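Coordinates from upload25.cif are shown below (mmCIF, C-alpha atoms).
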```
data_start
#
loop_
_atom_site.group_PDB
_atom_site.id
_atom_site.type_symbol
_atom_site.label_atom_id
_atom_site.label_comp_id
_atom_site.auth_asym_id
_atom_site.auth_seq_id
_atom_site.Cartn_x
_atom_site.Cartn_y
_atom_site.Cartn_z
ATOM 1 C CA MET E 1 0.000 0.000 0.000
ATOM 2 C CA ASN E 2 1.122 3.505 -0.744
ATOM 3 C CA SER E 3 1.925 5.105 2.586
ATOM 4 C CA ASN E 4 0.968 8.519 1.201
ATOM 5 C CA ASP E 5 -2.559 7.386 0.607
ATOM 6 C CA LYS E 6 -5.060 8.490 3.211
ATOM 7 C CA THR E 7 -7.721 6.092 1.995
ATOM 8 C CA VAL E 8 -7.736 2.370 2.573
ATOM 9 C CA THR E 9 -9.355 0.684 -0.419
ATOM 10 C CA ILE E 10 -10.242 -2.976 -0.675
ATOM 11 C CA GLN E 11 -11.887 -4.462 -3.749
ATOM 12 C CA ARG E 12 -13.380 -7.918 -4.083
ATOM 13 C CA THR E 13 -15.715 -9.843 -6.302
ATOM 14 C CA PHE E 14 -17.996 -12.101 -4.317
ATOM 15 C CA ASP E 15 -19.393 -15.213 -5.900
ATOM 16 C CA ALA E 16 -22.886 -14.454 -4.604
ATOM 17 C CA PRO E 17 -25.877 -12.464 -5.867
ATOM 18 C CA ILE E 18 -26.220 -8.881 -4.690
ATOM 19 C CA ALA E 19 -29.368 -9.485 -2.598
ATOM 20 C CA LEU E 20 -27.500 -12.024 -0.462
ATOM 21 C CA VAL E 21 -24.385 -9.853 -0.196
ATOM 22 C CA TRP E 22 -26.521 -6.871 0.819
ATOM 23 C CA SER E 23 -28.393 -8.712 3.552
ATOM 24 C CA ALA E 24 -25.235 -10.357 4.927
ATOM 25 C CA TRP E 25 -23.576 -6.934 5.110
ATOM 26 C CA THR E 26 -26.506 -5.026 6.593
ATOM 27 C CA GLN E 27 -28.533 -7.321 8.852
ATOM 28 C CA PRO E 28 -27.395 -7.481 12.469
ATOM 29 C CA GLU E 29 -27.967 -11.233 12.834
ATOM 30 C CA HIS E 30 -25.574 -11.712 9.905
ATOM 31 C CA ILE E 31 -23.069 -9.034 10.926
ATOM 32 C CA ALA E 32 -22.513 -10.728 14.291
ATOM 33 C CA ASN E 33 -21.302 -13.795 12.362
ATOM 34 C CA TRP E 34 -18.512 -12.178 10.366
ATOM 35 C CA TRP E 35 -17.467 -8.918 12.011
ATOM 36 C CA SER E 36 -14.915 -10.316 14.502
ATOM 37 C CA PRO E 37 -11.930 -12.579 14.045
ATOM 38 C CA LYS E 38 -12.574 -16.218 14.942
ATOM 39 C CA GLY E 39 -13.043 -16.852 18.638
ATOM 40 C CA ILE E 40 -14.195 -13.320 19.421
ATOM 41 C CA THR E 41 -17.865 -12.497 19.637
ATOM 42 C CA THR E 42 -19.442 -9.324 18.378
ATOM 43 C CA GLN E 43 -22.259 -7.821 20.375
ATOM 44 C CA ILE E 44 -24.516 -5.702 18.219
ATOM 45 C CA VAL E 45 -25.443 -3.044 20.747
ATOM 46 C CA ALA E 46 -27.256 -0.814 18.263
ATOM 47 C CA HIS E 47 -28.036 -1.102 14.564
ATOM 48 C CA ASP E 48 -30.489 1.379 13.159
ATOM 49 C CA PHE E 49 -30.089 0.831 9.429
ATOM 50 C CA LYS E 50 -31.303 4.127 8.020
ATOM 51 C CA VAL E 51 -29.766 7.508 7.208
ATOM 52 C CA GLY E 52 -28.984 9.139 10.550
ATOM 53 C CA GLY E 53 -29.247 5.761 12.293
ATOM 54 C CA HIS E 54 -26.677 4.799 14.922
ATOM 55 C CA TRP E 55 -24.758 1.500 14.996
ATOM 56 C CA LYS E 56 -22.483 0.172 17.665
ATOM 57 C CA PHE E 57 -20.621 -3.135 17.873
ATOM 58 C CA VAL E 58 -18.649 -4.230 20.915
ATOM 59 C CA MET E 59 -15.965 -6.919 20.926
ATOM 60 C CA PRO E 60 -14.621 -8.178 24.225
ATOM 61 C CA MET E 61 -10.965 -9.234 23.796
ATOM 62 C CA PRO E 62 -9.492 -12.275 25.551
ATOM 63 C CA ASN E 63 -7.236 -10.007 27.637
ATOM 64 C CA GLY E 64 -10.205 -8.175 29.100
ATOM 65 C CA GLN E 65 -10.054 -5.109 26.872
ATOM 66 C CA GLU E 66 -12.957 -4.089 24.747
ATOM 67 C CA PHE E 67 -12.916 -2.914 21.151
ATOM 68 C CA THR E 68 -15.779 -0.703 20.111
ATOM 69 C CA ALA E 69 -16.876 0.211 16.615
ATOM 70 C CA GLU E 70 -19.658 2.711 16.221
ATOM 71 C CA GLY E 71 -20.985 5.249 13.817
ATOM 72 C CA VAL E 72 -23.887 6.887 12.057
ATOM 73 C CA TYR E 73 -25.141 6.060 8.581
ATOM 74 C CA THR E 74 -25.025 9.094 6.311
ATOM 75 C CA GLU E 75 -26.097 7.591 2.995
ATOM 76 C CA ILE E 76 -27.872 4.388 2.017
ATOM 77 C CA VAL E 77 -28.818 3.455 -1.537
ATOM 78 C CA GLU E 78 -30.232 -0.051 -1.604
ATOM 79 C CA HIS E 79 -28.044 -2.618 -3.421
ATOM 80 C CA GLU E 80 -25.622 0.133 -4.309
ATOM 81 C CA LYS E 81 -24.007 2.177 -1.586
ATOM 82 C CA ILE E 82 -23.623 2.615 2.163
ATOM 83 C CA VAL E 83 -21.724 5.537 3.693
ATOM 84 C CA SER E 84 -21.161 5.873 7.396
ATOM 85 C CA LYS E 85 -19.204 7.987 9.841
ATOM 86 C CA ALA E 86 -17.301 5.693 12.159
ATOM 87 C CA ASP E 87 -15.114 5.528 15.247
ATOM 88 C CA PHE E 88 -13.043 2.461 16.011
ATOM 89 C CA LYS E 89 -11.814 2.568 19.574
ATOM 90 C CA PRO E 90 -9.076 2.432 20.661
ATOM 91 C CA MET E 91 -7.576 2.767 17.191
ATOM 92 C CA THR E 92 -9.064 4.874 14.455
ATOM 93 C CA GLU E 93 -11.539 7.588 15.165
ATOM 94 C CA GLY E 94 -13.332 10.044 12.935
ATOM 95 C CA VAL E 95 -13.229 8.093 9.688
ATOM 96 C CA GLU E 96 -15.781 7.710 6.916
ATOM 97 C CA ILE E 97 -16.462 4.266 5.513
ATOM 98 C CA HIS E 98 -17.896 3.588 2.082
ATOM 99 C CA ALA E 99 -19.224 0.237 0.909
ATOM 100 C CA LEU E 100 -20.129 0.062 -2.771
ATOM 101 C CA PHE E 101 -21.971 -2.845 -4.366
ATOM 102 C CA GLN E 102 -22.411 -3.657 -8.035
ATOM 103 C CA ALA E 103 -24.190 -6.692 -9.436
ATOM 104 C CA GLU E 104 -22.810 -8.616 -12.375
ATOM 105 C CA GLY E 105 -24.895 -11.683 -13.077
ATOM 106 C CA ALA E 106 -24.724 -13.949 -10.033
ATOM 107 C CA GLN E 107 -21.648 -12.136 -8.753
ATOM 108 C CA THR E 108 -21.216 -8.931 -6.805
ATOM 109 C CA HIS E 109 -18.383 -6.461 -7.145
ATOM 110 C CA PHE E 110 -17.604 -4.901 -3.830
ATOM 111 C CA THR E 111 -15.472 -1.850 -3.049
ATOM 112 C CA PHE E 112 -14.734 -0.902 0.493
ATOM 113 C CA GLN E 113 -13.046 2.341 1.509
ATOM 114 C CA VAL E 114 -12.021 3.867 4.801
ATOM 115 C CA MET E 115 -11.270 7.568 4.464
ATOM 116 C CA HIS E 116 -9.183 9.249 7.088
ATOM 117 C CA PRO E 117 -9.675 12.940 7.656
ATOM 118 C CA THR E 118 -6.951 14.996 6.037
ATOM 119 C CA VAL E 119 -5.866 16.963 9.067
ATOM 120 C CA GLU E 120 -5.630 13.954 11.309
ATOM 121 C CA TYR E 121 -3.783 12.117 8.577
ATOM 122 C CA ARG E 122 -1.250 14.875 8.099
ATOM 123 C CA ILE E 123 -0.530 15.005 11.816
ATOM 124 C CA GLN E 124 -0.140 11.231 11.925
ATOM 125 C CA GLN E 125 2.276 11.361 9.009
ATOM 126 C CA GLU E 126 4.383 14.059 10.612
ATOM 127 C CA LYS E 127 4.525 12.187 13.849
ATOM 128 C CA MET E 128 5.437 8.980 12.097
ATOM 129 C CA GLY E 129 8.655 10.676 11.027
ATOM 130 C CA ILE E 130 9.762 10.076 14.616
ATOM 131 C CA LEU E 131 9.451 6.371 14.079
ATOM 132 C CA ASN E 132 12.047 5.817 11.382
ATOM 133 C CA GLY E 133 14.408 3.013 12.252
ATOM 134 C CA TRP E 134 11.911 1.169 14.374
ATOM 135 C CA GLY E 135 11.676 -1.852 12.095
ATOM 136 C CA SER E 136 12.471 -4.653 14.508
ATOM 137 C CA VAL E 137 10.346 -3.201 17.271
ATOM 138 C CA PHE E 138 7.456 -2.970 14.900
ATOM 139 C CA ASP E 139 7.854 -6.587 13.839
ATOM 140 C CA ARG E 140 7.644 -7.704 17.426
ATOM 141 C CA LEU E 141 4.676 -5.483 18.153
ATOM 142 C CA ASP E 142 3.028 -6.762 15.027
ATOM 143 C CA ASN E 143 3.453 -10.303 16.348
ATOM 144 C CA LEU E 144 2.038 -9.292 19.694
ATOM 145 C CA LEU E 145 -0.927 -7.693 18.012
ATOM 146 C CA GLN E 146 -1.485 -10.798 15.909
ATOM 147 C CA GLU E 147 -1.445 -12.935 19.026
ATOM 148 C CA GLY E 148 -3.883 -10.548 20.650
ATOM 149 C CA VAL E 149 -6.259 -10.856 17.728
ATOM 150 C CA SER E 150 -5.967 -14.581 17.083
ATOM 151 C CA SER E 151 -5.572 -16.036 20.589
ATOM 152 C CA MET G 1 -4.933 14.577 31.420
ATOM 153 C CA ARG G 2 -3.487 11.647 29.577
ATOM 154 C CA ARG G 3 -0.096 12.296 28.061
ATOM 155 C CA ASP G 4 0.338 12.243 24.293
ATOM 156 C CA VAL G 5 1.726 8.936 22.960
ATOM 157 C CA TYR G 6 3.923 10.733 20.446
ATOM 158 C CA GLN G 7 5.453 12.902 23.125
ATOM 159 C CA ALA G 8 6.170 9.747 25.110
ATOM 160 C CA ILE G 9 8.003 8.046 22.263
ATOM 161 C CA ALA G 10 9.897 11.135 21.131
ATOM 162 C CA ASP G 11 12.639 10.395 23.671
ATOM 163 C CA PRO G 12 15.319 7.834 22.680
ATOM 164 C CA VAL G 13 15.597 6.329 26.183
ATOM 165 C CA ARG G 14 11.854 5.780 26.298
ATOM 166 C CA ARG G 15 11.983 4.179 22.867
ATOM 167 C CA ASP G 16 14.689 1.809 24.142
ATOM 168 C CA ILE G 17 12.510 1.006 27.140
ATOM 169 C CA ILE G 18 9.566 0.174 24.857
ATOM 170 C CA ASP G 19 11.905 -1.930 22.728
ATOM 171 C CA LEU G 20 12.957 -3.898 25.832
ATOM 172 C CA LEU G 21 9.427 -4.323 27.124
ATOM 173 C CA SER G 22 8.100 -5.411 23.751
ATOM 174 C CA LYS G 23 10.096 -8.634 24.277
ATOM 175 C CA LYS G 24 8.659 -9.380 27.706
ATOM 176 C CA PRO G 25 7.417 -7.663 30.864
ATOM 177 C CA LEU G 26 10.252 -6.675 33.216
ATOM 178 C CA THR G 27 10.512 -5.415 36.758
ATOM 179 C CA VAL G 28 11.391 -1.788 37.305
ATOM 180 C CA ASN G 29 14.801 -2.922 38.567
ATOM 181 C CA ALA G 30 15.433 -5.093 35.529
ATOM 182 C CA VAL G 31 14.715 -2.099 33.303
ATOM 183 C CA ALA G 32 16.929 0.192 35.362
ATOM 184 C CA VAL G 33 20.018 -2.049 35.204
ATOM 185 C CA LYS G 34 19.957 -1.956 31.391
ATOM 186 C CA PHE G 35 20.601 1.760 31.304
ATOM 187 C CA ALA G 36 23.552 3.876 32.327
ATOM 188 C CA ILE G 37 21.331 6.585 33.750
ATOM 189 C CA SER G 38 20.159 7.007 37.331
ATOM 190 C CA ARG G 39 17.352 5.017 38.859
ATOM 191 C CA PRO G 40 15.259 8.188 39.481
ATOM 192 C CA ALA G 41 15.705 9.138 35.807
ATOM 193 C CA ILE G 42 14.437 5.690 34.764
ATOM 194 C CA SER G 43 11.509 6.034 37.141
ATOM 195 C CA LYS G 44 10.628 9.336 35.537
ATOM 196 C CA HIS G 45 10.702 7.803 32.047
ATOM 197 C CA LEU G 46 8.524 4.919 33.222
ATOM 198 C CA LYS G 47 6.102 7.389 34.769
ATOM 199 C CA ILE G 48 5.790 9.229 31.456
ATOM 200 C CA LEU G 49 5.253 5.955 29.580
ATOM 201 C CA HIS G 50 2.631 4.999 32.129
ATOM 202 C CA GLU G 51 0.837 8.329 31.870
ATOM 203 C CA SER G 52 0.670 7.979 28.109
ATOM 204 C CA GLY G 53 -0.929 4.550 28.515
ATOM 205 C CA LEU G 54 1.994 2.753 26.874
ATOM 206 C CA ILE G 55 2.876 0.661 29.901
ATOM 207 C CA GLU G 56 0.991 -0.647 32.886
ATOM 208 C CA PHE G 57 2.457 -1.593 36.238
ATOM 209 C CA ASP G 58 1.616 -5.003 37.565
ATOM 210 C CA GLN G 59 2.396 -5.648 41.226
ATOM 211 C CA ARG G 60 3.401 -9.288 41.731
ATOM 212 C CA GLY G 61 4.319 -9.877 45.346
ATOM 213 C CA ARG G 62 7.168 -7.511 46.129
ATOM 214 C CA GLU G 63 8.045 -6.964 42.474
ATOM 215 C CA ARG G 64 6.536 -4.364 40.221
ATOM 216 C CA TYR G 65 6.443 -5.412 36.572
ATOM 217 C CA CYS G 66 6.198 -3.060 33.615
ATOM 218 C CA GLN G 67 4.038 -4.391 30.872
ATOM 219 C CA ILE G 68 3.663 -2.884 27.421
ATOM 220 C CA GLN G 69 0.173 -1.888 26.287
ATOM 221 C CA THR G 70 0.314 -2.529 22.582
ATOM 222 C CA GLN G 71 -3.101 -1.150 21.768
ATOM 223 C CA HIS G 72 -1.892 2.350 22.598
ATOM 224 C CA LEU G 73 0.999 1.953 20.211
ATOM 225 C CA ILE G 74 -1.187 1.064 17.266
ATOM 226 C CA PRO G 75 -1.895 4.682 16.360
ATOM 227 C CA ALA G 76 1.823 5.352 16.320
ATOM 228 C CA PHE G 77 3.000 2.325 14.395
ATOM 229 C CA LEU G 78 2.099 2.214 10.769
ATOM 230 C CA TRP G 79 -1.448 2.580 11.884
ATOM 231 C CA LEU G 80 -2.855 2.740 8.366
ATOM 232 C CA GLU G 81 -1.223 -0.548 7.307
ATOM 233 C CA GLN G 82 -2.417 -2.232 10.454
ATOM 234 C CA HIS G 83 -5.834 -0.801 9.849
ATOM 235 C CA LYS G 84 -5.954 -2.069 6.286
ATOM 236 C CA LYS G 85 -4.891 -5.537 7.369
ATOM 237 C CA GLN G 86 -7.721 -5.690 9.848
ATOM 238 C CA TRP G 87 -10.266 -4.727 7.219
ATOM 239 C CA GLU G 88 -8.817 -7.278 4.780
ATOM 240 C CA GLU G 89 -9.291 -9.928 7.446
ATOM 241 C CA ARG G 90 -12.794 -8.739 8.211
ATOM 242 C CA ILE G 91 -13.781 -8.825 4.555
ATOM 243 C CA ASP G 92 -12.227 -12.300 4.204
ATOM 244 C CA SER G 93 -14.416 -13.312 7.104
ATOM 245 C CA PHE G 94 -17.419 -11.726 5.388
ATOM 246 C CA GLU G 95 -16.662 -13.607 2.194
ATOM 247 C CA SER G 96 -16.434 -16.991 3.861
ATOM 248 C CA TYR G 97 -19.637 -16.316 5.766
ATOM 249 C CA LEU G 98 -21.262 -15.388 2.472
ATOM 250 C CA ASN G 99 -20.171 -18.678 0.914
ATOM 251 C CA GLN G 100 -21.564 -20.503 3.904
ATOM 252 C CA LEU G 101 -24.921 -18.723 3.526
ATOM 253 C CA LYS G 102 -24.982 -19.526 -0.156
ATOM 254 C CA SER G 103 -24.423 -23.231 0.326
ATOM 255 C CA GLN G 104 -27.101 -23.318 3.031
ATOM 256 C CA GLN G 105 -29.547 -21.742 0.565
ATOM 257 C CA ASN G 106 -28.583 -24.228 -2.124
ATOM 258 C CA GLU G 107 -29.230 -27.129 0.205
ATOM 259 C CA GLN G 108 -32.638 -25.790 1.124
ATOM 260 C CA GLN G 109 -33.546 -25.537 -2.550
ATOM 261 C CA ARG G 110 -32.640 -29.143 -3.178
#
```

Would you write out, as structure tokens, the structure that this file holds?
Amino acid sequence: MNSNDKTVTIQRTFDAPIALVWSAWTQPEHIANWWSPKGITTQIVAHDFKVGGHWKFVMPMPNGQEFTAEGVYTEIVEHEKIVSKADFKPMTEGVEIHALFQAEGAQTHFTFQVMHPTVEYRIQQEKMGILNGWGSVFDRLDNLLQEGVSS
Amino acid sequence: MRRDVYQAIADPVRRDIIDLLSKKPLTVNAVAVKFAISRPAISKHLKILHESGLIEFDQRGRERYCQIQTQHLIPAFLWLEQHKKQWEERIDSFESYLNQLKSQQNEQQR
């Protein structure tokens, strides 16, 4: 990934019709089944699927911490587009997430984007300058984080 | 007020302390002996790391262990890459759930 890019973009083509993709992505009883890594449960605390509606998912971690994801839907076009403001605590706050859906026969093209606010991004980038030469430390932390997620 | 993580890691000694503690939790004494600076100076660095949320103290009997709190380092360490990886994993998880749903539907239609 280009480190100068302030948007995370992920594109996939799912081998499933758009109606199924849409309901799996938007219905709370489905979301609870895929949102978290294996072994971690997602509690759907709120999910008001309409423009202006609030959603909040809570994931208790094995070490006793809690990860929270919450936001407010700002745009919903059925079988096409979902835009939401979102905060992921304790990691990434004040982002905008876009999920775009496009049917092609029995398949669905899916584009997912997380946009980080420019100002926050610029500050993060400047501060990251401090971190040059931290390679090995990062590798170890990365391993720790992986263990935290997968254990 | 909580101290800024970036301020905490701006100091080279504190970075070395994080480096040490990222291998395993250590007692305050074990940290202190690794550095050529005074014990009070080390205590001050540990206090700053603690106030920024980067380490926690864990009292075990008479020993006080310093333990790194990785989640507070995520914003500082290649946070965007880490963030992307998490979404990739989440969307992988979505995709396999989708396939599972699809095969359940197919079975019901049979």

Chain E contacts on chain G, all atoms listed in the file, 6 Å, as a PDB file with C-alpha atoms, in the coordinates of the input:
```pdb
ATOM      1  CA  ASP G  19      11.905  -1.930  22.728  1.00  0.00           C
ATOM      2  CA  SER G  93     -14.416 -13.312   7.104  1.00  0.00           C
ATOM      3  CA  PHE G  94     -17.419 -11.726   5.388  1.00  0.00           C
TER       4      PHE G  94
END
```

Review point. When the PyMOL selection byres ((chain E and resi 102) around 12) is applied to the file above, which residues end up in the set, as JSON, numbers by chain?
Key: {"E": [11, 12, 13, 14, 16, 17, 18, 19, 21, 22, 77, 78, 79, 80, 81, 99, 100, 101, 103, 104, 105, 106, 107, 108, 109, 110, 111, 112]}

Point to revise | Residue among G:Pro25, G:His83, G:Gln100, G:Gln67 lying closest to Val95 of chain E, counting only C-alpha atoms | key: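 Among the listed residues, the smallest separation from Val95 of chain E belongs to G:His83.
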
Practice item. May I have the residues at most 9 Å from (-24.4, 9.5, 3.4) in the file's coordinates, counting only C-alpha atoms, as a ChimeraX atom specification? Key: /E:51-52,73-77,81-85,98

Can I get the selection written as an mmCIF file, in the coordinates of the input, with C-alpha atoms?
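After the write, again23.cif holds the following:
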```cif
data_model
loop_
_atom_site.group_PDB
_atom_site.id
_atom_site.type_symbol
_atom_site.label_atom_id
_atom_site.label_comp_id
_atom_site.auth_asym_id
_atom_site.auth_seq_id
_atom_site.Cartn_x
_atom_site.Cartn_y
_atom_site.Cartn_z
ATOM 1 C CA VAL E 51 -29.766 7.508 7.208
ATOM 2 C CA GLY E 52 -28.984 9.139 10.550
ATOM 3 C CA TYR E 73 -25.141 6.060 8.581
ATOM 4 C CA THR E 74 -25.025 9.094 6.311
ATOM 5 C CA GLU E 75 -26.097 7.591 2.995
ATOM 6 C CA ILE E 76 -27.872 4.388 2.017
ATOM 7 C CA VAL E 77 -28.818 3.455 -1.537
ATOM 8 C CA LYS E 81 -24.007 2.177 -1.586
ATOM 9 C CA ILE E 82 -23.623 2.615 2.163
ATOM 10 C CA VAL E 83 -21.724 5.537 3.693
ATOM 11 C CA SER E 84 -21.161 5.873 7.396
ATOM 12 C CA LYS E 85 -19.204 7.987 9.841
ATOM 13 C CA HIS E 98 -17.896 3.588 2.082
#
```

Check your understanding: Mind telling me what the PyMOL selection byres ((chain G and resi 17) around 12) catches here, as a PyMOL selection string?
Key -> (chain E and resi 137) or (chain G and resi 8-9+11-16+18-28+30-35+42-50+54-55+66-68)

Review point. Which distance in Å separates atom CA of Gly53 of chain G and atom CA of Ala36 of chain G, to one decimal?
Key: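 Atom-to-atom, atom CA of Gly53 of chain G and atom CA of Ala36 of chain G are spaced 24.8 Å apart.
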
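Pairwise distance (atom CA of Arg60 of chain G, atom CA of Asp4 of chain G) equals 27.9 Å.
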
Exercise for review: One decimal, Å: what's the distance from atom CA of Glu96 of chain E over to atom CA of Gly71 of chain E, could you say?
Suggested key: 9.0 Å

Translate the PyMOL selection byres ((chain E and resi 45) around 6) into a concrete residue list for this structure, as a PDB file with C-alpha atoms, in the frame of the given file.
```pdb
ATOM      1  CA  GLN E  43     -22.259  -7.821  20.375  1.00  0.00           C
ATOM      2  CA  ILE E  44     -24.516  -5.702  18.219  1.00  0.00           C
ATOM      3  CA  ALA E  46     -27.256  -0.814  18.263  1.00  0.00           C
ATOM      4  CA  LYS E  56     -22.483   0.172  17.665  1.00  0.00           C
ATOM      5  CA  PHE E  57     -20.621  -3.135  17.873  1.00  0.00           C
TER       6      PHE E  57
END
```

Step by step, gather every atom of segment 51-56 of chain G that the file lists, find the box along x, y and z that holds them, add 6 Å on each side, and finally give centre and edge lengths in Å to one decimal, as JSON.
```
{"center_x": 1.0, "center_y": 3.8, "center_z": 29.9, "size_x": 15.8, "size_y": 21.0, "size_z": 18.0}
```
